[in-house]
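start_30.cif (mmCIF, C-alpha atoms) appears below.
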data_start
loop_
_atom_site.label_atom_id
_atom_site.label_comp_id
_atom_site.auth_asym_id
_atom_site.auth_seq_id
_atom_site.Cartn_x
_atom_site.Cartn_y
_atom_site.Cartn_z
CA MET A 325 135.30 76.67 105.23
CA GLU A 326 136.47 73.80 103.01
CA LEU A 327 135.05 73.78 99.47
CA PRO A 328 133.53 70.23 99.62
CA ILE A 329 131.52 71.20 102.74
CA VAL A 330 130.36 74.46 101.11
CA VAL A 331 129.33 72.66 97.90
CA ALA A 332 127.57 69.81 99.77
CA SER A 333 125.64 72.22 102.03
CA SER A 334 124.69 74.53 99.14
CA THR A 335 123.59 71.57 96.99
CA LEU A 336 121.45 70.27 99.85
CA ALA A 337 119.89 73.75 100.24
CA SER A 338 118.99 73.91 96.53
CA ILE A 339 117.53 70.36 96.59
CA ILE A 340 115.45 71.24 99.67
CA ALA A 341 114.28 74.44 97.91
CA ALA A 342 113.24 72.39 94.86
CA TYR A 343 111.38 69.87 97.09
CA VAL A 344 109.54 72.65 98.95
CA ILE A 345 108.49 74.35 95.67
CA LEU A 346 107.16 71.07 94.23
CA LYS A 347 105.27 70.24 97.45
CA CYS A 348 103.89 73.78 97.92
CA LYS A 349 102.32 73.86 94.43
CA CYS A 350 102.21 77.67 94.59
CA ALA A 351 102.84 80.29 91.86
CA LEU A 352 101.56 77.98 89.13
CA ALA A 353 101.67 78.79 85.42
CA PRO A 354 100.19 76.82 82.50
CA ASP A 355 102.61 74.89 80.25
CA VAL A 356 101.12 76.19 77.00
CA HIS A 357 102.91 73.74 74.69
CA LYS A 358 101.35 70.61 76.27
CA PRO A 359 97.90 69.05 75.88
CA ASN A 360 95.52 70.16 78.68
CA ARG A 361 98.00 72.96 79.60
CA PRO A 362 99.14 71.43 82.96
CA LEU A 363 99.88 73.90 85.79
CA ILE A 364 103.58 73.97 86.72
CA PRO A 365 105.25 75.88 89.60
CA LYS A 366 107.39 78.75 88.27
CA LEU A 367 109.64 79.42 91.27
CA GLY A 368 112.77 77.67 89.95
CA GLY A 369 114.69 80.82 90.87
CA LEU A 370 114.58 79.74 94.52
CA VAL A 371 116.78 76.72 93.63
CA ILE A 372 119.52 79.09 92.38
CA LEU A 373 119.04 81.60 95.19
CA ALA A 374 119.28 78.86 97.85
CA TYR A 375 122.59 77.61 96.41
CA VAL A 376 124.19 81.05 95.97
CA THR A 377 123.06 82.38 99.37
CA VAL A 378 124.25 79.33 101.35
CA SER A 379 127.51 79.22 99.38
CA LEU A 380 128.20 82.90 100.08
CA ALA A 381 127.18 82.65 103.75
CA LEU A 382 129.47 79.67 104.41
CA THR A 383 132.47 81.02 102.49
CA GLY A 384 132.26 84.66 103.56
CA LEU A 385 133.44 87.50 101.36
CA GLY A 386 137.02 87.15 102.58
CA GLY A 387 137.35 83.51 101.56
CA LEU A 388 136.30 83.74 97.92
CA GLY A 389 139.88 83.81 96.61
CA ILE A 390 139.26 86.55 94.03
CA ASN A 391 139.37 90.35 94.18
CA PRO A 392 136.83 91.20 96.99
CA THR A 393 134.99 93.76 94.82
CA TYR A 394 134.57 91.23 92.01
CA GLY A 395 133.60 88.58 94.59
CA ILE A 396 130.77 90.79 95.89
CA VAL A 397 129.60 91.53 92.32
CA PHE A 398 129.77 87.83 91.33
CA TYR A 399 127.88 86.43 94.36
CA THR A 400 125.41 89.21 95.24
CA THR A 401 124.20 90.24 91.75
CA PRO A 402 122.46 86.84 91.18
CA ILE A 403 120.74 87.28 94.56
CA VAL A 404 119.54 90.83 93.76
CA LEU A 405 118.42 89.99 90.21
CA GLY A 406 116.93 86.66 91.34
CA VAL A 407 114.78 88.47 93.93
CA ILE A 408 113.66 91.03 91.30
CA GLY A 409 112.82 88.10 89.00
CA LEU A 410 110.80 86.39 91.75
CA VAL A 411 108.83 89.62 92.30
CA ASP A 412 108.37 89.75 88.50
CA ASP A 413 106.94 86.21 88.63
CA PHE A 414 104.12 87.46 90.86
CA THR A 415 103.57 91.05 89.72
CA ASN A 416 104.95 92.42 86.46
CA VAL A 417 108.06 94.55 87.04
CA HIS A 418 108.54 97.19 84.31
CA GLU A 419 111.12 96.03 81.75
CA LEU A 420 113.19 99.22 82.12
CA LEU A 421 113.44 98.64 85.89
CA ARG A 422 114.58 95.04 85.31
CA VAL A 423 117.17 96.02 82.70
CA GLY A 424 118.22 99.04 84.80
CA ALA A 425 118.79 96.90 87.90
CA SER A 426 120.87 94.35 85.96
CA VAL A 427 123.17 97.17 84.85
CA LEU A 428 123.13 99.59 87.79
CA TYR A 429 123.57 97.14 90.69
CA PRO A 430 126.96 95.69 89.61
CA LEU A 431 128.08 99.18 88.55
CA ALA A 432 127.10 100.63 91.95
CA VAL A 433 129.09 97.90 93.76
CA LEU A 434 132.14 98.62 91.59
CA VAL A 435 131.92 102.38 92.22
CA ILE A 436 131.30 102.06 95.98
CA MET A 437 133.94 99.38 96.61
CA GLY A 438 136.57 100.71 94.18
CA ASN A 439 139.65 98.44 94.19
CA PHE A 440 139.45 97.60 90.46
CA ASP A 441 141.61 94.78 89.20
CA TYR A 442 142.37 93.93 85.58
CA LEU A 443 140.04 91.70 83.55
CA TYR A 444 141.48 89.10 81.19
CA PHE A 445 139.84 87.76 78.04
CA PRO A 446 141.67 85.05 76.05
CA ILE A 447 142.52 86.09 72.45
CA ILE A 448 141.72 89.77 73.21
CA GLY A 449 143.94 90.55 76.22
CA HIS A 450 143.90 92.47 79.53
CA PHE A 451 141.75 95.48 80.48
CA SER A 452 142.95 97.50 83.48
CA ASN A 453 141.45 100.97 82.86
CA PRO A 454 138.69 101.37 85.56
CA ILE A 455 136.27 103.09 83.15
CA VAL A 456 136.73 100.34 80.54
CA VAL A 457 136.19 97.70 83.28
CA ALA A 458 132.96 99.52 84.28
CA ILE A 459 131.76 99.66 80.63
CA LEU A 460 132.47 95.93 80.18
CA THR A 461 130.62 95.14 83.42
CA ILE A 462 127.56 97.12 82.31
CA ALA A 463 127.58 95.53 78.83
CA VAL A 464 127.99 91.92 80.00
CA TYR A 465 125.48 92.05 82.89
CA GLY A 466 123.00 94.07 80.81
CA VAL A 467 123.11 91.69 77.86
CA PHE A 468 123.26 88.26 79.50
CA SER A 469 120.86 88.65 82.43
CA ASN A 470 118.19 89.57 79.86
CA ALA A 471 119.30 87.35 76.94
CA ILE A 472 118.84 84.21 79.05
CA ASN A 473 115.34 85.29 80.03
CA MET A 474 114.48 85.77 76.32
CA MET A 475 115.46 82.15 75.50
CA ASP A 476 113.36 80.54 78.27
CA VAL A 477 110.46 79.61 75.99
CA VAL A 478 110.64 75.80 75.96
CA ASN A 479 111.44 73.23 78.66
CA GLY A 480 115.00 72.48 79.72
CA VAL A 481 117.00 74.63 77.29
CA VAL A 482 118.30 77.22 79.79
CA PRO A 483 119.65 74.83 82.48
CA TYR A 484 121.01 72.47 79.77
CA SER A 485 122.97 75.31 78.16
CA MET A 486 124.26 76.42 81.58
CA ILE A 487 125.63 72.92 82.18
CA LEU A 488 127.43 73.08 78.80
CA THR A 489 128.72 76.59 79.60
CA SER A 490 130.31 75.24 82.81
CA ILE A 491 132.40 72.56 81.04
CA ILE A 492 135.38 74.73 80.00
CA PRO A 493 135.76 76.71 83.28
CA LEU A 494 135.34 73.45 85.23
CA ALA A 495 138.06 71.70 83.21
CA TYR A 496 140.37 74.73 83.41
CA SER A 497 139.90 75.15 87.17
CA ILE A 498 140.75 71.45 87.72
CA ILE A 499 143.78 71.53 85.37
CA THR A 500 145.19 74.66 87.04
CA SER A 501 144.01 73.77 90.61
CA ASN A 502 142.23 77.13 90.78
CA VAL A 503 139.89 76.69 93.78
CA ALA A 504 138.27 80.14 93.45
CA LEU A 505 137.33 79.48 89.80
CA LEU A 506 136.13 75.96 90.73
CA GLN A 507 133.80 77.42 93.36
CA MET A 508 132.49 80.08 90.91
CA THR A 509 131.89 77.41 88.25
CA LEU A 510 130.14 75.06 90.69
CA THR A 511 127.87 77.96 91.71
CA LEU A 512 126.58 77.95 88.14
CA LEU A 513 126.83 74.20 87.46
CA VAL A 514 125.27 72.56 90.53
CA PRO A 515 121.97 74.52 90.70
CA SER A 516 121.72 74.20 86.89
CA VAL A 517 121.91 70.38 87.23
CA VAL A 518 119.21 70.42 89.94
CA LEU A 519 117.08 72.73 87.80
CA PHE A 520 117.65 70.63 84.66
CA ALA A 521 116.47 67.47 86.45
CA LEU A 522 113.11 69.19 87.06
CA ASN A 523 112.87 71.54 84.06
CA LYS A 524 113.83 69.09 81.29
CA TYR A 525 111.08 68.18 78.83
CA PRO A 526 108.37 67.52 80.06
CA ALA A 527 108.94 70.04 82.87
CA LYS A 528 107.86 69.60 86.49
CA LEU A 529 109.23 73.04 87.41
CA PHE A 530 109.68 76.29 85.46
CA ASN A 531 112.81 78.43 85.85
CA GLY A 532 110.67 81.56 86.10
CA ASN A 533 112.10 85.04 85.75
CA GLY A 534 113.82 84.57 89.11
CA GLY A 535 115.77 81.59 87.74
CA THR A 536 116.70 83.12 84.39
CA TYR A 537 117.87 86.46 85.85
CA ALA A 538 119.92 84.71 88.54
CA LEU A 539 121.50 82.34 85.99
CA GLY A 540 122.16 85.31 83.68
CA ALA A 541 123.96 87.14 86.48
CA LEU A 542 126.04 84.04 87.34
CA VAL A 543 127.13 83.49 83.74
CA SER A 544 127.90 87.22 83.36
CA GLY A 545 130.15 86.99 86.43
CA LEU A 546 131.93 83.97 84.94
CA ILE A 547 132.48 85.82 81.63
CA LEU A 548 134.04 88.77 83.46
CA TYR A 549 136.00 87.15 86.29
CA SER A 550 136.95 83.62 85.21
CA GLY A 551 139.72 84.69 82.81
CA LEU A 552 137.92 82.58 80.17
CA GLY A 553 135.37 85.20 79.07
CA THR A 554 135.94 84.87 75.33
CA LEU A 555 135.34 81.12 75.41
CA ILE A 556 132.22 81.37 77.60
CA LEU A 557 130.90 84.09 75.28
CA LEU A 558 131.36 81.75 72.30
CA VAL A 559 129.36 78.97 74.02
CA MET A 560 126.64 81.57 74.65
CA VAL A 561 126.37 82.60 70.97
CA PRO A 562 122.81 81.19 70.57
CA TYR A 563 121.68 83.49 73.40
CA VAL A 564 123.37 86.52 71.84
CA VAL A 565 121.88 85.75 68.40
CA ASN A 566 118.40 85.19 69.86
CA GLY A 567 118.56 88.42 71.90
CA LEU A 568 119.79 90.37 68.87
CA LEU A 569 117.01 89.02 66.63
CA ILE A 570 114.33 89.86 69.23
CA VAL A 571 115.57 93.36 70.05
CA VAL A 572 116.07 94.38 66.38
CA SER A 573 112.89 92.79 64.98
CA SER A 574 110.70 94.22 67.78
CA ARG A 575 112.53 97.58 67.66
CA GLY A 576 113.62 97.79 71.31
CA ILE A 577 113.49 96.03 74.65
CA LYS A 578 109.91 94.95 75.32
CA SER A 579 108.31 92.54 77.78
CA ARG A 580 107.31 89.11 76.42
CA GLU A 581 103.62 90.03 76.55
CA LYS A 582 104.15 93.07 74.28
CA LEU A 583 106.00 91.14 71.54
CA LYS A 584 104.17 89.98 68.43
CA PRO A 585 104.51 86.15 68.69
CA SER A 586 107.24 84.57 66.57
CA THR A 587 105.43 81.21 66.42
CA TYR A 588 101.94 79.80 66.79
CA MET A 589 100.63 76.39 67.77
CA ASN A 590 98.15 74.18 65.97
CA ASN A 591 97.33 70.77 67.44
CA TYR A 592 100.47 71.04 69.65
CA VAL A 593 102.72 71.46 66.63
CA ILE A 594 104.71 74.73 66.66
CA TYR A 595 104.71 76.71 63.36
CA PRO A 596 106.58 79.93 62.45
CA ASN A 597 104.42 83.06 62.48
CA LEU A 598 105.00 84.57 59.02
CA ASP A 599 102.82 87.65 59.58
CA GLU A 600 104.34 91.04 58.79
CA GLY A 601 105.99 92.49 61.90
CA SER A 602 106.13 89.22 63.88
CA THR A 603 109.19 88.87 66.09
CA LEU A 604 112.21 87.03 64.72
CA THR A 605 113.63 84.49 67.21
CA LEU A 606 115.90 81.46 67.17
CA MET A 607 112.82 79.30 67.87
CA LYS A 608 111.23 80.65 64.68
CA MET A 609 114.47 79.81 62.82
CA ILE A 610 114.24 76.25 64.20
CA VAL A 611 110.62 75.62 63.18
CA ILE A 612 110.87 77.43 59.83
CA ASP A 613 112.62 74.40 58.28
CA GLU A 614 110.19 71.90 59.72
CA PRO A 615 107.44 72.60 62.27
CA GLY A 616 107.35 70.19 65.22
CA ASP A 617 106.08 69.60 68.74
CA GLU A 618 107.86 71.03 71.79
CA GLY A 619 110.07 67.95 72.20
CA LYS A 620 111.39 68.40 68.66
CA VAL A 621 112.04 72.12 69.21
CA VAL A 622 113.89 71.34 72.47
CA ARG A 623 116.10 68.83 70.59
CA GLY A 624 116.76 71.54 67.98
CA PHE A 625 117.98 73.94 70.69
CA TYR A 626 120.13 71.18 72.23
CA MET A 627 121.73 70.58 68.82
CA LEU A 628 122.66 74.28 68.49
CA PHE A 629 124.25 74.36 71.95
CA ASN A 630 126.01 71.02 71.44
CA MET A 631 127.55 72.32 68.20
CA VAL A 632 128.85 75.65 69.61
CA THR A 633 130.11 73.91 72.76
CA ALA A 634 132.00 71.29 70.71
CA LEU A 635 133.57 74.01 68.53
CA THR A 636 134.53 76.08 71.60
CA ILE A 637 136.05 73.07 73.40
CA LEU A 638 138.23 72.44 70.33
CA LEU A 639 139.26 76.11 70.38
CA PHE A 640 140.00 75.86 74.12
CA ILE A 641 142.25 72.84 73.55
CA VAL A 642 144.17 74.71 70.82
CA LEU A 643 144.52 77.84 72.99
CA TYR A 644 145.61 75.75 76.00
CA LEU A 645 148.22 73.86 73.98
CA PHE A 646 149.65 77.18 72.71
CA ARG A 647 149.41 78.61 76.28
CA TRP A 648 147.04 81.41 75.21
CA VAL A 649 144.67 80.86 78.17
CA MET B 755 115.25 69.99 60.96
CA VAL B 756 117.36 72.84 62.30
CA LYS B 757 119.43 73.53 59.16
CA SER B 758 118.72 77.29 59.02
CA ALA B 759 119.19 77.83 62.77
CA LEU B 760 122.35 75.69 62.82
CA TYR B 761 123.81 77.54 59.83
CA LEU B 762 123.02 80.92 61.44
CA THR B 763 124.52 79.87 64.79
CA VAL B 764 127.74 78.38 63.40
CA VAL B 765 128.38 81.33 61.05
CA SER B 766 127.69 83.77 63.93
CA TRP B 767 130.10 81.78 66.15
CA ALA B 768 132.85 81.89 63.50
CA LEU B 769 132.36 85.61 62.77
CA LEU B 770 132.42 86.47 66.48
CA LEU B 771 135.67 84.54 66.86
CA ILE B 772 137.19 86.38 63.87
CA GLY B 773 135.99 89.71 65.32
CA MET B 774 137.61 88.95 68.67
CA ALA B 775 140.84 87.85 66.97
CA ILE B 776 140.93 91.20 65.10
CA LEU B 777 140.29 93.02 68.40
CA GLY B 778 143.10 91.05 70.04
CA ALA B 779 145.49 91.89 67.19
CA ILE B 780 144.62 95.60 67.43
CA ALA B 781 145.07 95.46 71.23
CA ARG B 782 148.57 94.04 70.81
CA VAL B 783 149.60 96.66 68.21
CA LEU B 784 147.98 99.80 69.66
CA GLY B 785 147.24 99.14 73.34
CA ASN B 786 145.06 102.28 73.74
CA PRO B 787 141.98 101.17 75.74
CA TRP B 788 139.68 103.83 74.24
CA LEU B 789 140.61 102.95 70.69
CA LEU B 790 140.00 99.32 71.62
CA VAL B 791 136.53 100.13 72.97
CA ALA B 792 135.74 102.08 69.76
CA VAL B 793 136.94 99.22 67.53
CA GLY B 794 135.04 96.74 69.73
CA ILE B 795 131.80 98.69 69.26
CA ILE B 796 132.33 98.83 65.48
CA ILE B 797 133.00 95.06 65.34
CA VAL B 798 129.91 94.25 67.46
CA ALA B 799 127.76 96.59 65.33
CA ALA B 800 129.01 95.06 62.06
CA TRP B 801 128.51 91.54 63.46
CA SER B 802 124.96 92.41 64.56
CA VAL B 803 123.98 93.87 61.17
CA PHE B 804 125.42 90.87 59.31
CA VAL B 805 123.79 88.26 61.59
CA TYR B 806 120.37 89.96 61.51
CA ASP B 807 120.46 90.31 57.71
CA MET B 808 121.47 86.68 57.36
CA ALA B 809 118.63 85.54 59.65
CA ARG B 810 116.09 87.58 57.68
CA GLY B 811 117.51 86.24 54.42
CA LEU B 812 117.21 82.64 55.64
CA VAL B 813 113.59 83.21 56.70
CA THR B 814 112.71 84.82 53.36
CA LYS B 815 114.37 81.95 51.47
CA ARG B 816 112.39 79.32 53.41
CA VAL B 817 109.11 81.22 52.94
CA ARG B 818 109.66 81.46 49.15
CA ARG B 819 110.23 77.68 48.96
CA ARG B 820 106.84 76.94 50.60
#
Encoded form (structure tokens):
Amino acid sequence: MELPIVVASSTLASIIAAYVILKCKCALAPDVHKPNRPLIPKLGGLVILAYVTVSLALTGLGGLGINPTYGIVFYTTPIVLGVIGLVDDFTNVHELLRVGASVLYPLAVLVIMGNFDYLYFPIIGHFSNPIVVAILTIAVYGVFSNAINMMDVVNGVVPYSMILTSIIPLAYSIITSNVALLQMTLTLLVPSVVLFALNKYPAKLFNGNGGTYALGALVSGLILYSGLGTLILLVMVPYVVNGLLIVVSSRGIKSREKLKPSTYMNNYVIYPNLDEGSTLTLMKMIVIDEPGDEGKVVRGFYMLFNMVTALTILLFIVLYLFRWV
Amino acid sequence: MVKSALYLTVVSWALLLIGMAILGAIARVLGNPWLLVAVGIIIVAAWSVFVYDMARGLVTKRVRRR
């Protein structure tokens, strides 16, 4: 099916999903950073799942334009992880099961389907050894599907950063008329725009674990299969830094409830928690210079992502001019 | 407002880029995928240690100023 029809239908599906979630007013969670702690629906994952599922159903595995094995990994992993995330939104799924699924599902697809192709990363080069491809797949899916979930602490930051992450692959796919890459990029960009419209500060809808795992899987797929992995990884540096700080300071992968809070709130102003053993996060780094309300923290996160995106776009232009991408 | 976080992020970005450039240079010279994986792990580990230490240092510095 033609790409414009696929994109229009998938966009409509994600908008309908968002409308249904807002009308249903189910799976509500308190927005702890706001006065009166308003109850907000946390099923934003359905917006992503609706887009990816309709897009995949209309295109079919044969029409994706990339290696079929990689196509299955790219389009089905967000669905699998998104469903696990939605279950996690209702009943707590053990963190090892979540992390295990994010690593084992794409690996299982690779092993069952076989048919490995090379992976290309600008600046670094090609990887064609099947075991190295499997190791890279495990590392990228394992890190990013969880790193995005760790950053989802204030309104709007995750979908905003996903929109910025889509800029370079979108530009490159248009410049090179690469329809397969354009479709992969739009699969990340369009539901992120819909989600951003509703999740931006002050949020009407939360991404939920379903949304963050699905977005993590989509961005992991783009890193591996877009041929622009290095540049996407550089735009995602705040996520990597935040994940690293959390995992090292809390000595392992733990669920959000088990972490010693990195910040505390007094009169709706967020302060850094300076107690011994409190978790180190990027949010703590933001408020350590000057405590502020949620809106101020959100603008701080936006500034970080704007800066790394601007630097990476400059790098992309240089690499493109020298024909290194 | 976000001086410490911005400094940490930009330095991490630059160091990651340098690390990947070194990995790319080694890939061009040697071409052995296993050696490349080993060097990649060493670069990521060194980057992680440096970034975490820098973050802790920035927090300590801000706390002392208060």
I need the chain B residues near chain A as a list in words; criterion: at most 7 Å, counting all atoms listed in the file.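 The selection requested is Met755, Val756, Lys757, Ser758, Ala759, Leu760, Thr763, Val764, Trp767, Met774, Ala775, Leu777, Gly778, Ala781, Tyr806 and Arg816 of chain B.
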What is the atom CA of B:Val803 to atom CA of A:Leu583 distance in Å?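 Atom CA of A:Leu583 lies at a distance of 20.9 Å from atom CA of B:Val803.
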Let me know the residues the PyMOL selection byres ((chain A and resi 476) around 10) catches in the file above, as a compact mmCIF listing (two decimals) with C-alpha atoms, in the frame of the given file.
# COMPACT_ATOMS: atom_id res chain seq x y z
CA ALA A 471 119.30 87.35 76.94
CA ILE A 472 118.84 84.21 79.05
CA ASN A 473 115.34 85.29 80.03
CA MET A 474 114.48 85.77 76.32
CA MET A 475 115.46 82.15 75.50
CA VAL A 477 110.46 79.61 75.99
CA VAL A 478 110.64 75.80 75.96
CA ASN A 479 111.44 73.23 78.66
CA GLY A 480 115.00 72.48 79.72
CA VAL A 481 117.00 74.63 77.29
CA VAL A 482 118.30 77.22 79.79
CA PRO A 483 119.65 74.83 82.48
CA PHE A 530 109.68 76.29 85.46
CA ASN A 531 112.81 78.43 85.85
CA GLY A 532 110.67 81.56 86.10
CA ASN A 533 112.10 85.04 85.75
CA GLY A 535 115.77 81.59 87.74
CA THR A 536 116.70 83.12 84.39
Using all atoms listed in the file, which protein or nucleic acid residues come within 12 Å of A:Glu326? Drop anything in the same chain fewer than 6 positions from it, and give the result as a ChimeraX atom specification. /A:332-333,379,382-384,387-388,503-504,507
Residues from the last selection, C-alpha atoms, saved as a PDB file, in the frame of the given file:
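Saved as part17.pdb:
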ATOM      1  CA  ALA A 332     127.570  69.810  99.770  1.00  0.00           C
ATOM      2  CA  SER A 333     125.640  72.220 102.030  1.00  0.00           C
ATOM      3  CA  SER A 379     127.510  79.220  99.380  1.00  0.00           C
ATOM      4  CA  LEU A 382     129.470  79.670 104.410  1.00  0.00           C
ATOM      5  CA  THR A 383     132.470  81.020 102.490  1.00  0.00           C
ATOM      6  CA  GLY A 384     132.260  84.660 103.560  1.00  0.00           C
ATOM      7  CA  GLY A 387     137.350  83.510 101.560  1.00  0.00           C
ATOM      8  CA  LEU A 388     136.300  83.740  97.920  1.00  0.00           C
ATOM      9  CA  VAL A 503     139.890  76.690  93.780  1.00  0.00           C
ATOM     10  CA  ALA A 504     138.270  80.140  93.450  1.00  0.00           C
ATOM     11  CA  GLN A 507     133.800  77.420  93.360  1.00  0.00           C
TER      12      GLN A 507
END
So, counting all atoms listed in the file, which residue among B:Ile797, B:Ala792, B:Met808, B:Val813 is closest to B:Ile776?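 Checking each of B:Ile797, B:Ala792, B:Met808, B:Val813 against B:Ile776, counting all atoms listed in the file, the winner is B:Ile797.
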To one decimal in Å, tell me the separation between atom CA of A:Val404 and atom CA of A:Val543.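 These two atoms are separated by 14.6 Å.
Each of B:Val793, B:Ala799, B:Leu812, B:Val805 was checked against B:Ile780 using only C-alpha atoms; the smallest atom-to-atom distance is that of B:Val793.
Compared by their closest atoms to A:Ile408, and using all atoms listed in the file, the residues A:Val371, A:Ala425, A:Leu505, A:Leu519 rank with A:Ala425 nearest.
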Axis-aligned box for stretch 775-792 of chain B, 8 Å per side, centre and edges in Å as lines of an AutoDock Vina configuration file:
center_x = 142.7
center_y = 95.8
center_z = 70.4
size_x = 29.9
size_y = 32.0
size_z = 26.6
Out of A:Gly466, A:Pro328, A:Pro454, A:Pro493, which residue has the shortest atom-to-atom distance to B:Pro787 when counting all atoms listed in the file?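 Closest to B:Pro787, using all atoms listed in the file: A:Pro454.
Coordinates place atom CA of B:Ala768 at a distance of 28.9 Å from atom CA of A:Lys578.
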